[in-house]
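Peer 1: Attaching a single structure in structure tokens format; questions to follow.
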Amino acid sequence: TCLVRTLTPPTTFAAMPLFNMGSLAGNSFGLFKQMQTAVAAGASSDGKVMGQGPFGMKYYLSGAVAGGICCGVTHGALTPVDVVKTRIQLDPVKYNQGFIGGFKQVIAGEGAGALLTGLGPTAQGYFIQGWFKFGGVEFFKINITQSIGEQKAWDNRQVIYLASSAMAEFIADIFLCPYEACRIRLVSQPDYASSLGGTASRLMAENGFIGAFYSGFVPILFKQIPYTMAKFAVQGSSAETIYGMMGTEPKKSSKGTNLSVSLLSGVIAGVVAAIISHPADTMLSKMNKGGAGGSGGMFSRMANIAAETGIVTLCTQGLGARCIMIGTLTAGQFGVFDIVMGIVGAKKFHFHDPSHKRTSSLSPTSASARRSRRSTDASLRRPWPCAPLLAAAPGALNIVERDSRKGVCVRALGCTEYGTLSACAVDMP
């Protein structure tokens, strides 16, 4: 009797041009139309993606909850830093003594309690934003991977990071923008209202719904979308590099190691993202300050602020404070996210190279093959009667020798995998 192990070729799709860089934008909406059918066709029978999962509603809700907690907690904890940063951006003439000096000025002028101005809208707004951002990124990157196939997803993982984070952040900003408008008004005018609800009511009475809560929507998109794209892409790339330098990968590392990698890669990602998004952050702060940029429309006010402030000032005013804030905040977010995901029993999805997985499982230098060869006495090895089946159809793995002492196969020759002839070694019953 001859044992034959069949390898199933990967699912392919006739047309999936999403990751042609030249047509990325044009195919963005096509992704949503194709998602339901393609995901159903591309998902493995056990619901796993790149050997992880299965991923369903419970996983995405876990990611959303973890994202809400990590963003709400970290942004709330850094409210004092944000207060000083915003004051430096809005009134650089008064707050001209640097980051540490700004803390002293706020405390001397208004008391230590002033450093917590805007804590309510900050914690609430960023909890909601984190819910949609982190939950959305997990949803989009997993479903895109399923829709285009694992190997293509691995080859285009940076583009998936960028596309997933941009789509998730756009949705999140719709909910964040009103809270940011209230927070910035409270920080710039502490006596404007006594609470978040009072601030929202007065803003709406004075400016109408759109003017009150969405006059800064375009600046917040220019701030948050590049920031989030850089944050997730750089963090993913940095974590991958760190694991590579350590000679390991997430699923083989301890929880402590994975947490340390998340924190270190988060710091790197946070600083890069802060620099990229800082001009829009300064613009947003000024847009939500009463009277800034005149009384015209959104784009007219933005042009006036840019002309009055200057491009260099927009890019550098308060940048040091923001790098400290965002570097710390981003590291904390990825760390808290991993901790909460562990608490709820979910394992974060990571990109893995599917071809590496196949090679490592079939390679003659794999650990299991080496153990088989070392533990096998050559005198006890004999060919199976079906050795001529080496010429079997493509996709078949033909076992032609075995260890008669253990009753396990120790060598496979003529392993035809997706049309490639190679010599393989396996250890299977």
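Starting from 1 in every chain, residues are counted up; chains themselves are A, B, ... following the order of the structure tokens, and ligands are numbered from 1 as listed.
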Taking the DSSP secondary structure from the backbone, can you list the residues of segment 158-359 of chain A that are alpha helix (DSSP H), as a ChimeraX atom specification?
Peer 2: /A:158-188,196-213,217-246,255-287,298-309,311-316,319-343,354-359
Peer 1: What is the distance between atom CA of Gly63 of chain A and atom CA of Gly130 of chain A, in Å to one decimal?
Peer 2: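 If I compute the distance from atom CA of Gly63 of chain A to atom CA of Gly130 of chain A, I get 9.5 Å.
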Peer 1: So, with only C-alpha atoms as the atoms that count, which of A:Ile276, A:Cys71, A:Val83, A:Val187 lies closest to Met229 of chain A?
Peer 2: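 The answer is A:Ile276, which sits nearest to Met229 of chain A.
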Peer 1: Fewer than 2 positions away in the same chain doesn't count, so skip those; otherwise give me all residues within 8 Å of Tyr60 of chain A, counting only C-alpha atoms, as a list in words.
Peer 2: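 Contacts, with the query itself left out: Phe55, Gly56, Met57, Lys58, Ser62, Gly63, Ala64, Gly135, Gly136, Glu138 and Phe139 of chain A.
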